[in-house]
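> What follows is start_12.pdb, made up of PDB, C-alpha atoms and all ligand atoms:
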MODEL        1
ATOM      1  CA  MET A   1     -74.113 137.479 -97.501
ATOM      2  CA  ALA A   2     -73.377 141.020 -98.659
ATOM      3  CA  LYS A   3     -74.716 142.036-102.050
ATOM      4  CA  ARG A   4     -72.295 141.951-104.937
ATOM      5  CA  ARG A   5     -71.211 145.300-106.178
ATOM      6  CA  THR A   6     -70.372 146.103-109.731
ATOM      7  CA  SER A   7     -67.857 148.852-109.271
ATOM      8  CA  PRO A   8     -64.643 149.465-111.171
ATOM      9  CA  ALA A   9     -61.262 148.148-110.035
ATOM     10  CA  GLY A  10     -61.012 151.154-107.776
ATOM     11  CA  GLY A  11     -63.960 149.804-105.773
ATOM     12  CA  ARG A  12     -66.410 151.919-103.811
ATOM     13  CA  ALA A  13     -66.000 155.643-104.202
ATOM     14  CA  ALA A  14     -62.370 156.153-103.303
ATOM     15  CA  THR A  15     -62.072 157.813 -99.914
ATOM     16  CA  ALA A  16     -59.400 158.129 -97.284
ATOM     17  CA  GLU A  17     -61.099 155.183 -95.565
ATOM     18  CA  GLN A  18     -59.901 152.642 -98.099
ATOM     19  CA  VAL A  19     -57.966 149.910 -96.317
ATOM     20  CA  VAL A  20     -55.674 149.299 -99.223
ATOM     21  CA  ARG A  21     -55.100 151.532-102.172
ATOM     22  CA  ALA A  22     -52.739 150.904-105.080
ATOM     23  CA  ARG A  23     -52.138 153.695-107.556
ATOM     24  CA  GLY A  24     -50.240 153.403-110.833
ATOM     25  CA  VAL A  25     -48.318 150.387-109.587
ATOM     26  CA  VAL A  26     -45.624 149.010-111.889
ATOM     27  CA  VAL A  27     -43.893 145.725-111.047
ATOM     28  CA  GLU A  28     -41.261 144.225-113.298
ATOM     29  CA  VAL A  29     -39.495 140.879-113.220
ATOM     30  CA  PRO A  30     -36.751 140.040-115.712
ATOM     31  CA  GLY A  31     -38.248 140.275-119.184
ATOM     32  CA  ARG A  32     -41.808 141.028-118.047
ATOM     33  CA  ARG A  33     -43.976 143.748-116.589
ATOM     34  CA  LEU A  34     -46.488 142.036-114.253
ATOM     35  CA  ALA A  35     -48.191 145.225-113.082
ATOM     36  CA  ASP A  36     -48.429 148.150-115.455
ATOM     37  CA  GLY A  37     -50.243 151.063-113.882
ATOM     38  CA  LEU A  38     -52.334 148.816-111.642
ATOM     39  CA  GLU A  39     -55.092 150.474-109.580
ATOM     40  CA  LEU A  40     -56.960 148.960-106.635
ATOM     41  CA  ALA A  41     -58.954 150.243-103.680
ATOM     42  CA  VAL A  42     -60.674 148.027-101.139
ATOM     43  CA  ALA A  43     -62.885 149.267 -98.305
ATOM     44  CA  PRO A  44     -63.286 147.845 -94.785
ATOM     45  CA  GLY A  45     -65.365 144.664 -94.801
ATOM     46  CA  GLU A  46     -65.249 144.406 -98.589
ATOM     47  CA  SER A  47     -64.098 141.234-100.373
ATOM     48  CA  VAL A  48     -62.406 141.081-103.761
ATOM     49  CA  ALA A  49     -61.440 138.070-105.870
ATOM     50  CA  LEU A  50     -58.349 138.395-108.028
ATOM     51  CA  MET A  51     -58.465 136.068-111.021
ATOM     52  CA  GLY A  52     -56.211 135.545-114.008
ATOM     53  CA  PRO A  53     -54.367 132.799-115.813
ATOM     54  CA  SER A  54     -51.503 130.984-114.161
ATOM     55  CA  GLY A  55     -48.431 133.202-114.363
ATOM     56  CA  SER A  56     -50.398 136.417-114.864
ATOM     57  CA  GLY A  57     -48.977 137.812-111.623
ATOM     58  CA  LYS A  58     -51.652 137.333-108.925
ATOM     59  CA  THR A  59     -49.209 136.218-106.236
ATOM     60  CA  THR A  60     -46.870 139.048-107.160
ATOM     61  CA  VAL A  61     -49.722 141.559-106.817
ATOM     62  CA  LEU A  62     -50.606 140.197-103.356
ATOM     63  CA  ASN A  63     -46.946 140.395-102.348
ATOM     64  CA  THR A  64     -46.813 143.970-103.591
ATOM     65  CA  LEU A  65     -49.883 144.887-101.519
ATOM     66  CA  ALA A  66     -48.109 143.302 -98.533
ATOM     67  CA  GLY A  67     -44.966 145.352 -99.134
ATOM     68  CA  LEU A  68     -42.915 142.222 -99.874
ATOM     69  CA  VAL A  69     -42.368 143.333-103.459
ATOM     70  CA  ARG A  70     -41.363 146.941-104.029
ATOM     71  CA  PRO A  71     -43.012 148.497-107.077
ATOM     72  CA  ALA A  72     -40.793 150.142-109.701
ATOM     73  CA  ALA A  73     -43.359 152.961-109.824
ATOM     74  CA  GLY A  74     -46.628 153.855-108.136
ATOM     75  CA  THR A  75     -47.708 153.547-104.507
ATOM     76  CA  VAL A  76     -49.427 151.094-102.203
ATOM     77  CA  GLU A  77     -51.010 152.484 -99.059
ATOM     78  CA  ILE A  78     -52.357 150.489 -96.148
ATOM     79  CA  GLY A  79     -54.726 152.608 -94.078
ATOM     80  CA  GLY A  80     -53.307 155.684 -95.806
ATOM     81  CA  GLU A  81     -49.675 154.823 -94.995
ATOM     82  CA  PRO A  82     -47.340 153.958 -97.891
ATOM     83  CA  ILE A  83     -45.873 150.480 -97.432
ATOM     84  CA  GLY A  84     -43.695 150.329-100.558
ATOM     85  CA  ASP A  85     -41.385 153.113 -99.343
ATOM     86  CA  ALA A  86     -41.361 152.056 -95.695
ATOM     87  CA  THR A  87     -38.149 150.839 -94.094
ATOM     88  CA  PRO A  88     -37.978 147.041 -93.840
ATOM     89  CA  ASP A  89     -38.667 147.251 -90.080
ATOM     90  CA  ARG A  90     -41.664 149.525 -90.526
ATOM     91  CA  ALA A  91     -43.048 147.379 -93.361
ATOM     92  CA  ALA A  92     -42.667 144.279 -91.170
ATOM     93  CA  ALA A  93     -44.490 146.037 -88.318
ATOM     94  CA  MET A  94     -47.276 147.102 -90.693
ATOM     95  CA  ARG A  95     -47.600 143.495 -91.883
ATOM     96  CA  LEU A  96     -47.582 142.010 -88.386
ATOM     97  CA  THR A  97     -50.557 143.959 -87.083
ATOM     98  CA  GLY A  98     -52.138 145.383 -90.228
ATOM     99  CA  ILE A  99     -52.141 142.525 -92.734
ATOM    100  CA  GLY A 100     -53.149 138.887 -92.283
ATOM    101  CA  MET A 101     -51.974 136.364 -94.844
ATOM    102  CA  VAL A 102     -53.401 132.973 -95.799
ATOM    103  CA  PHE A 103     -51.526 130.658 -98.164
ATOM    104  CA  GLN A 104     -52.503 127.623-100.214
ATOM    105  CA  PHE A 105     -51.234 125.031 -97.729
ATOM    106  CA  GLY A 106     -51.877 126.689 -94.379
ATOM    107  CA  GLU A 107     -48.179 126.917 -93.538
ATOM    108  CA  LEU A 108     -48.716 126.200 -89.844
ATOM    109  CA  MET A 109     -45.572 125.671 -87.778
ATOM    110  CA  PRO A 110     -45.313 121.915 -87.201
ATOM    111  CA  GLU A 111     -43.639 122.142 -83.788
ATOM    112  CA  LEU A 112     -46.440 124.275 -82.286
ATOM    113  CA  ASP A 113     -49.956 123.142 -81.487
ATOM    114  CA  VAL A 114     -52.973 124.782 -83.096
ATOM    115  CA  LEU A 115     -53.588 127.298 -80.312
ATOM    116  CA  GLU A 116     -49.914 128.298 -80.229
ATOM    117  CA  ASN A 117     -49.870 128.702 -84.017
ATOM    118  CA  VAL A 118     -52.881 130.985 -83.951
ATOM    119  CA  ALA A 119     -51.659 132.983 -80.945
ATOM    120  CA  LEU A 120     -48.085 133.414 -82.227
ATOM    121  CA  PRO A 121     -48.487 136.655 -84.252
ATOM    122  CA  ALA A 122     -50.363 138.275 -81.360
ATOM    123  CA  ALA A 123     -47.636 137.227 -78.938
ATOM    124  CA  PHE A 124     -44.965 138.608 -81.303
ATOM    125  CA  ALA A 125     -46.903 141.863 -81.566
ATOM    126  CA  GLY A 126     -47.034 142.092 -77.767
ATOM    127  CA  LEU A 127     -50.819 142.110 -77.743
ATOM    128  CA  ASP A 128     -52.542 141.300 -74.459
ATOM    129  CA  GLU A 129     -54.200 137.951 -74.006
ATOM    130  CA  ALA A 130     -52.882 136.381 -77.197
ATOM    131  CA  ALA A 131     -54.189 132.941 -76.188
ATOM    132  CA  ASP A 132     -57.677 134.298 -75.446
ATOM    133  CA  ARG A 133     -57.779 136.045 -78.815
ATOM    134  CA  ALA A 134     -56.687 132.795 -80.463
ATOM    135  CA  ARG A 135     -59.375 130.782 -78.629
ATOM    136  CA  ARG A 136     -62.093 133.213 -79.737
ATOM    137  CA  LEU A 137     -60.971 132.952 -83.357
ATOM    138  CA  LEU A 138     -60.738 129.157 -83.226
ATOM    139  CA  GLU A 139     -64.348 129.206 -82.073
ATOM    140  CA  ARG A 140     -65.313 131.458 -84.989
ATOM    141  CA  VAL A 141     -63.691 129.141 -87.549
ATOM    142  CA  GLY A 142     -65.260 126.019 -86.015
ATOM    143  CA  LEU A 143     -62.156 124.534 -84.387
ATOM    144  CA  VAL A 144     -63.169 124.323 -80.716
ATOM    145  CA  GLY A 145     -61.494 121.212 -79.298
ATOM    146  CA  PHE A 146     -58.562 121.412 -81.730
ATOM    147  CA  GLU A 147     -56.434 123.728 -79.568
ATOM    148  CA  GLU A 148     -53.869 121.151 -78.479
ATOM    149  CA  ARG A 149     -53.649 119.226 -81.715
ATOM    150  CA  ALA A 150     -50.491 119.211 -83.807
ATOM    151  CA  PRO A 151     -50.863 120.649 -87.330
ATOM    152  CA  GLU A 152     -50.067 117.208 -88.780
ATOM    153  CA  GLU A 153     -53.251 115.889 -87.140
ATOM    154  CA  LEU A 154     -55.445 118.319 -89.089
ATOM    155  CA  SER A 155     -57.166 117.787 -92.423
ATOM    156  CA  GLY A 156     -56.382 120.264 -95.196
ATOM    157  CA  GLY A 157     -59.613 122.159 -94.527
ATOM    158  CA  GLU A 158     -59.002 122.279 -90.772
ATOM    159  CA  ALA A 159     -55.450 123.540 -91.336
ATOM    160  CA  GLN A 160     -56.800 126.294 -93.585
ATOM    161  CA  ARG A 161     -59.365 127.303 -90.967
ATOM    162  CA  ALA A 162     -56.579 127.486 -88.362
ATOM    163  CA  ALA A 163     -54.550 129.594 -90.826
ATOM    164  CA  ILE A 164     -57.531 131.949 -91.204
ATOM    165  CA  ALA A 165     -57.754 132.293 -87.416
ATOM    166  CA  ARG A 166     -54.018 133.053 -87.300
ATOM    167  CA  ALA A 167     -54.354 135.649 -90.063
ATOM    168  CA  LEU A 168     -56.987 137.485 -88.025
ATOM    169  CA  VAL A 169     -55.486 137.221 -84.538
ATOM    170  CA  CYS A 170     -53.916 140.700 -84.623
ATOM    171  CA  ALA A 171     -57.190 142.209 -85.911
ATOM    172  CA  PRO A 172     -55.639 143.313 -89.231
ATOM    173  CA  ARG A 173     -57.331 145.822 -91.537
ATOM    174  CA  LEU A 174     -56.474 143.687 -94.556
ATOM    175  CA  VAL A 175     -56.402 139.950 -95.256
ATOM    176  CA  LEU A 176     -54.581 138.636 -98.331
ATOM    177  CA  ALA A 177     -55.292 135.029 -99.308
ATOM    178  CA  ASP A 178     -53.364 133.272-102.071
ATOM    179  CA  GLU A 179     -55.281 130.274-103.454
ATOM    180  CA  PRO A 180     -56.650 129.444 -99.991
ATOM    181  CA  THR A 181     -58.781 126.609-101.367
ATOM    182  CA  GLY A 182     -56.374 125.426-104.079
ATOM    183  CA  ALA A 183     -55.512 122.206-102.240
ATOM    184  CA  LEU A 184     -59.040 121.339-101.035
ATOM    185  CA  ASP A 185     -61.914 119.247-102.338
ATOM    186  CA  GLU A 186     -65.113 121.048-103.289
ATOM    187  CA  ALA A 187     -66.936 120.653 -99.957
ATOM    188  CA  ASN A 188     -63.949 121.853 -97.944
ATOM    189  CA  ALA A 189     -63.304 124.677-100.399
ATOM    190  CA  ARG A 190     -66.863 125.892 -99.880
ATOM    191  CA  ARG A 191     -66.570 125.738 -96.095
ATOM    192  CA  VAL A 192     -63.164 127.448 -96.002
ATOM    193  CA  THR A 193     -64.448 130.210 -98.293
ATOM    194  CA  ALA A 194     -67.479 130.770 -96.068
ATOM    195  CA  VAL A 195     -65.312 130.810 -92.932
ATOM    196  CA  LEU A 196     -62.838 133.242 -94.507
ATOM    197  CA  LEU A 197     -65.608 135.631 -95.554
ATOM    198  CA  ASP A 198     -67.439 135.357 -92.249
ATOM    199  CA  ALA A 199     -64.291 135.961 -90.202
ATOM    200  CA  CYS A 200     -63.221 138.957 -92.317
ATOM    201  CA  ARG A 201     -66.671 140.543 -92.261
ATOM    202  CA  ALA A 202     -66.968 140.030 -88.505
ATOM    203  CA  ALA A 203     -63.628 141.819 -88.109
ATOM    204  CA  ASP A 204     -64.530 144.459 -90.746
ATOM    205  CA  ALA A 205     -61.307 143.517 -92.538
ATOM    206  CA  ALA A 206     -60.862 144.025 -96.266
ATOM    207  CA  LEU A 207     -60.189 140.749 -98.084
ATOM    208  CA  VAL A 208     -58.307 140.156-101.342
ATOM    209  CA  VAL A 209     -58.256 136.542-102.545
ATOM    210  CA  ALA A 210     -56.233 135.264-105.494
ATOM    211  CA  THR A 211     -58.079 132.281-106.911
ATOM    212  CA  HIS A 212     -58.653 130.140-109.971
ATOM    213  CA  ASP A 213     -61.952 128.856-108.546
ATOM    214  CA  PRO A 214     -65.100 130.552-109.924
ATOM    215  CA  ALA A 215     -67.044 129.378-106.852
ATOM    216  CA  VAL A 216     -64.662 131.263-104.566
ATOM    217  CA  ALA A 217     -64.871 134.355-106.772
ATOM    218  CA  ALA A 218     -68.681 134.145-106.830
ATOM    219  CA  ALA A 219     -68.750 134.381-103.033
ATOM    220  CA  MET A 220     -66.800 137.683-103.009
ATOM    221  CA  ASP A 221     -68.307 141.155-103.385
ATOM    222  CA  ARG A 222     -66.303 141.846-106.558
ATOM    223  CA  THR A 223     -64.142 139.977-109.028
ATOM    224  CA  LEU A 224     -61.198 141.533-110.833
ATOM    225  CA  LEU A 225     -59.267 139.991-113.710
ATOM    226  CA  LEU A 226     -55.531 140.620-113.892
ATOM    227  CA  ARG A 227     -54.702 141.104-117.548
ATOM    228  CA  ASP A 228     -51.857 143.023-119.156
ATOM    229  CA  GLY A 229     -50.752 144.231-115.740
ATOM    230  CA  ARG A 230     -54.075 145.873-114.843
ATOM    231  CA  LEU A 231     -57.194 144.860-112.951
ATOM    232  CA  HIS A 232     -60.448 144.707-114.909
ATOM    233  CA  PRO A 233     -63.878 144.286-113.265
ATOM    234  CA  LEU A 234     -65.569 141.025-114.190
ATOM    235  CA  PRO A 235     -69.270 140.269-113.969
ATOM    236  CA  ALA A 236     -70.179 137.853-111.194
ATOM    237  CA  PRO A 237     -69.060 134.365-112.210
ATOM    238  CA  THR A 238     -71.894 131.889-112.184
ATOM    239  CA  THR A 239     -71.515 128.597-110.384
ATOM    240  CA  GLU A 240     -74.961 127.358-111.442
ATOM    241  CA  PRO A 241     -75.007 124.432-113.889
ATOM    242  CA  ALA A 242     -75.366 125.640-117.459
ATOM    243  CA  PRO A 243     -78.961 125.429-118.700
ATOM    244  CA  ALA A 244     -79.685 122.439-120.914
ATOM    245  CA  ALA A 245     -79.315 123.251-124.586
ATOM    246  CA  ASP A 246     -82.534 123.472-126.642
ATOM    247  CA  ARG A 247     -83.216 120.290-128.513
TER     248      ARG A 247
HETATM  249  N1  LIG A 301     -38.814 137.504-108.503
HETATM  250  C1  LIG A 301     -39.088 137.017-109.702
HETATM  251  N2  LIG A 301     -38.135 136.876-110.647
HETATM  252  C2  LIG A 301     -38.403 136.400-111.869
HETATM  253  N3  LIG A 301     -39.637 136.029-112.269
HETATM  254  C3  LIG A 301     -40.626 136.135-111.377
HETATM  255  C4  LIG A 301     -40.420 136.632-110.057
HETATM  256  N4  LIG A 301     -41.599 136.638-109.398
HETATM  257  C5  LIG A 301     -42.511 136.143-110.271
HETATM  258  N5  LIG A 301     -41.929 135.857-111.444
HETATM  259  C6  LIG A 301     -42.604 135.335-112.640
HETATM  260  O1  LIG A 301     -43.710 136.172-112.863
HETATM  261  C7  LIG A 301     -44.821 135.427-113.325
HETATM  262  C8  LIG A 301     -46.018 135.636-112.431
HETATM  263  O2  LIG A 301     -45.855 134.906-111.213
HETATM  264  P1  LIG A 301     -47.000 134.833-110.122
HETATM  265  O3  LIG A 301     -46.617 133.733-109.176
HETATM  266  O4  LIG A 301     -47.209 136.185-109.549
HETATM  267  O5  LIG A 301     -48.255 134.412-111.004
HETATM  268  P2  LIG A 301     -49.677 133.849-110.555
HETATM  269  O6  LIG A 301     -50.698 134.527-111.407
HETATM  270  O7  LIG A 301     -49.840 133.937-109.078
HETATM  271  O8  LIG A 301     -49.538 132.326-110.993
HETATM  272  P3  LIG A 301     -50.301 131.019-110.423
HETATM  273  O9  LIG A 301     -51.757 131.226-110.712
HETATM  274  O10 LIG A 301     -49.689 129.912-111.227
HETATM  275  O11 LIG A 301     -49.968 130.916-108.957
HETATM  276  C9  LIG A 301     -44.360 133.984-113.406
HETATM  277  O12 LIG A 301     -44.007 133.719-114.732
HETATM  278  C10 LIG A 301     -43.171 133.954-112.472
HETATM  279  O13 LIG A 301     -42.251 132.962-112.867
ENDMDL
END
Starting from the file, lay out its structure as structure tokens.
Ligand SMILES: Nc1ncnc2c1ncn2[C@@H]1O[C@H](COP(=O)(O)OP(=O)(O)OP(=O)(O)O)[C@@H](O)[C@H]1O


Amino acid sequence: MAKRRTSPAGGRAATAEQVVRARGVVVEVPGRRLADGLELAVAPGESVALMGPSGSGKTTVLNTLAGLVRPAAGTVEIGGEPIGDATPDRAAAMRLTGIGMVFQFGELMPELDVLENVALPAAFAGLDEAADRARRLLERVGLVGFEERAPEELSGGEAQRAAIARALVCAPRLVLADEPTGALDEANARRVTAVLLDACRAADAALVVATHDPAVAAAMDRTLLLRDGRLHPLPAPTTEPAPAADR
């Protein structure tokens, strides 16, 4: 596992090589400012946990990085290209091949089998050998033999591992995961976290994970706390049992 870094919200020294870079981002919803000059930079292969209380705006920040929410001010660049100002078609194209997304409940398409689900974005993107790419990723996430199963035949953890394979099938630069372990028991949460990290590092993809789970955050290179519309570096959360109090 890569060593944790204790760098500011901007991450490693900001360079043109950052996969995703947010500068001065402001996002408002009626009556509230969820991002208020938010800064973020994530490098290839780096993993970042995004923590914060329920309602603090984590999902909204992920959606802004994905170009699904347009900031009122500031910029988001993916691989140096602004996504917030892109036309809807260009933003969709950037998402299809440049950004993989993982949600809390997998969100696999029920009428497709596992292999078809994983291959679908690659087929949409017109990439060669979509099924072969999907098979290789299913192997990486430990789902060999599950290719022809229906999503309803999968456990929650298996569905999440298939969703991780799908997120990576177009070899995106960036993976955004919103509470990917929120619906899993502890053992499955640990396995899904390890699979997500392993798959992103193998692909040299940057990973941003919104999570409430300190164990998930502890596995990432950095943890950032969303507070007052900005991201603040947090020390590594500990998942060790607290030492017994002196008697
Ligand atoms: N389009 C919108 N219009 C109005 N309010 C919105 C909109 N999008 C988000 N909000 C509100 O903004 C706040 C932040 O929502 P968001 O889902 O980003 O938080 P979160 O930190 O991901 O929460 P949780 O941890 O519970 O998933 C919430 O109060 C939500 O109701």

> Between A:Ala130, A:Leu196, A:Val61, A:Ala150, which is the closest to Asp36 in chain A once you count all atoms listed in the file?

A:Val61

> Smallest atom-to-atom distance to Arg222 in chain A: which of A:Val29, A:Leu40, A:Val118, A:Cys200, using all atoms listed in the file?

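Closest to Arg222 in chain A, using all atoms listed in the file: A:Leu40.
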
> Would you list the residues that come within 12 Å of ligand LIG 301 (chain A)? Count all atoms listed in the file and give the answer as a PyMOL selection string.

chain A and resi 27-35+50-64+68-71+103-104+177-180+182+209-213+225-229

> Those residues with C-alpha atoms, as a PDB file, in the frame of the given file please?


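Written output follows (part10.pdb):
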ATOM      1  CA  VAL A  27     -43.893 145.725-111.047  1.00  0.00           C
ATOM      2  CA  GLU A  28     -41.261 144.225-113.298  1.00  0.00           C
ATOM      3  CA  VAL A  29     -39.495 140.879-113.220  1.00  0.00           C
ATOM      4  CA  PRO A  30     -36.751 140.040-115.712  1.00  0.00           C
ATOM      5  CA  GLY A  31     -38.248 140.275-119.184  1.00  0.00           C
ATOM      6  CA  ARG A  32     -41.808 141.028-118.047  1.00  0.00           C
ATOM      7  CA  ARG A  33     -43.976 143.748-116.589  1.00  0.00           C
ATOM      8  CA  LEU A  34     -46.488 142.036-114.253  1.00  0.00           C
ATOM      9  CA  ALA A  35     -48.191 145.225-113.082  1.00  0.00           C
ATOM     10  CA  LEU A  50     -58.349 138.395-108.028  1.00  0.00           C
ATOM     11  CA  MET A  51     -58.465 136.068-111.021  1.00  0.00           C
ATOM     12  CA  GLY A  52     -56.211 135.545-114.008  1.00  0.00           C
ATOM     13  CA  PRO A  53     -54.367 132.799-115.813  1.00  0.00           C
ATOM     14  CA  SER A  54     -51.503 130.984-114.161  1.00  0.00           C
ATOM     15  CA  GLY A  55     -48.431 133.202-114.363  1.00  0.00           C
ATOM     16  CA  SER A  56     -50.398 136.417-114.864  1.00  0.00           C
ATOM     17  CA  GLY A  57     -48.977 137.812-111.623  1.00  0.00           C
ATOM     18  CA  LYS A  58     -51.652 137.333-108.925  1.00  0.00           C
ATOM     19  CA  THR A  59     -49.209 136.218-106.236  1.00  0.00           C
ATOM     20  CA  THR A  60     -46.870 139.048-107.160  1.00  0.00           C
ATOM     21  CA  VAL A  61     -49.722 141.559-106.817  1.00  0.00           C
ATOM     22  CA  LEU A  62     -50.606 140.197-103.356  1.00  0.00           C
ATOM     23  CA  ASN A  63     -46.946 140.395-102.348  1.00  0.00           C
ATOM     24  CA  THR A  64     -46.813 143.970-103.591  1.00  0.00           C
ATOM     25  CA  LEU A  68     -42.915 142.222 -99.874  1.00  0.00           C
ATOM     26  CA  VAL A  69     -42.368 143.333-103.459  1.00  0.00           C
ATOM     27  CA  ARG A  70     -41.363 146.941-104.029  1.00  0.00           C
ATOM     28  CA  PRO A  71     -43.012 148.497-107.077  1.00  0.00           C
ATOM     29  CA  PHE A 103     -51.526 130.658 -98.164  1.00  0.00           C
ATOM     30  CA  GLN A 104     -52.503 127.623-100.214  1.00  0.00           C
ATOM     31  CA  ALA A 177     -55.292 135.029 -99.308  1.00  0.00           C
ATOM     32  CA  ASP A 178     -53.364 133.272-102.071  1.00  0.00           C
ATOM     33  CA  GLU A 179     -55.281 130.274-103.454  1.00  0.00           C
ATOM     34  CA  PRO A 180     -56.650 129.444 -99.991  1.00  0.00           C
ATOM     35  CA  GLY A 182     -56.374 125.426-104.079  1.00  0.00           C
ATOM     36  CA  VAL A 209     -58.256 136.542-102.545  1.00  0.00           C
ATOM     37  CA  ALA A 210     -56.233 135.264-105.494  1.00  0.00           C
ATOM     38  CA  THR A 211     -58.079 132.281-106.911  1.00  0.00           C
ATOM     39  CA  HIS A 212     -58.653 130.140-109.971  1.00  0.00           C
ATOM     40  CA  ASP A 213     -61.952 128.856-108.546  1.00  0.00           C
ATOM     41  CA  LEU A 225     -59.267 139.991-113.710  1.00  0.00           C
ATOM     42  CA  LEU A 226     -55.531 140.620-113.892  1.00  0.00           C
ATOM     43  CA  ARG A 227     -54.702 141.104-117.548  1.00  0.00           C
ATOM     44  CA  ASP A 228     -51.857 143.023-119.156  1.00  0.00           C
ATOM     45  CA  GLY A 229     -50.752 144.231-115.740  1.00  0.00           C
TER      46      GLY A 229
END

> Which residue gives the smallest distance to Ala194 in chain A among A:Gly100, A:Gly74, A:Gly142, A:Gly67, with only C-alpha atoms counted?

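Among A:Gly100, A:Gly74, A:Gly142, A:Gly67, it is A:Gly142 that comes nearest to Ala194 in chain A.
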
> Would you mind telling me which residue in A:Ala119, A:Ala219, A:Ala187, A:Val192 lies nearest to Cys170 in chain A when using all atoms listed in the file?

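So, comparing all the options, the nearest one is A:Ala119.
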
> Residues picked by the PyMOL selection byres (((chain A and resi 163) around 10) and not hetatm) here, as a PyMOL selection string?

chain A and resi 100-108+114+117-118+138+141+157-162+164-169+180+196
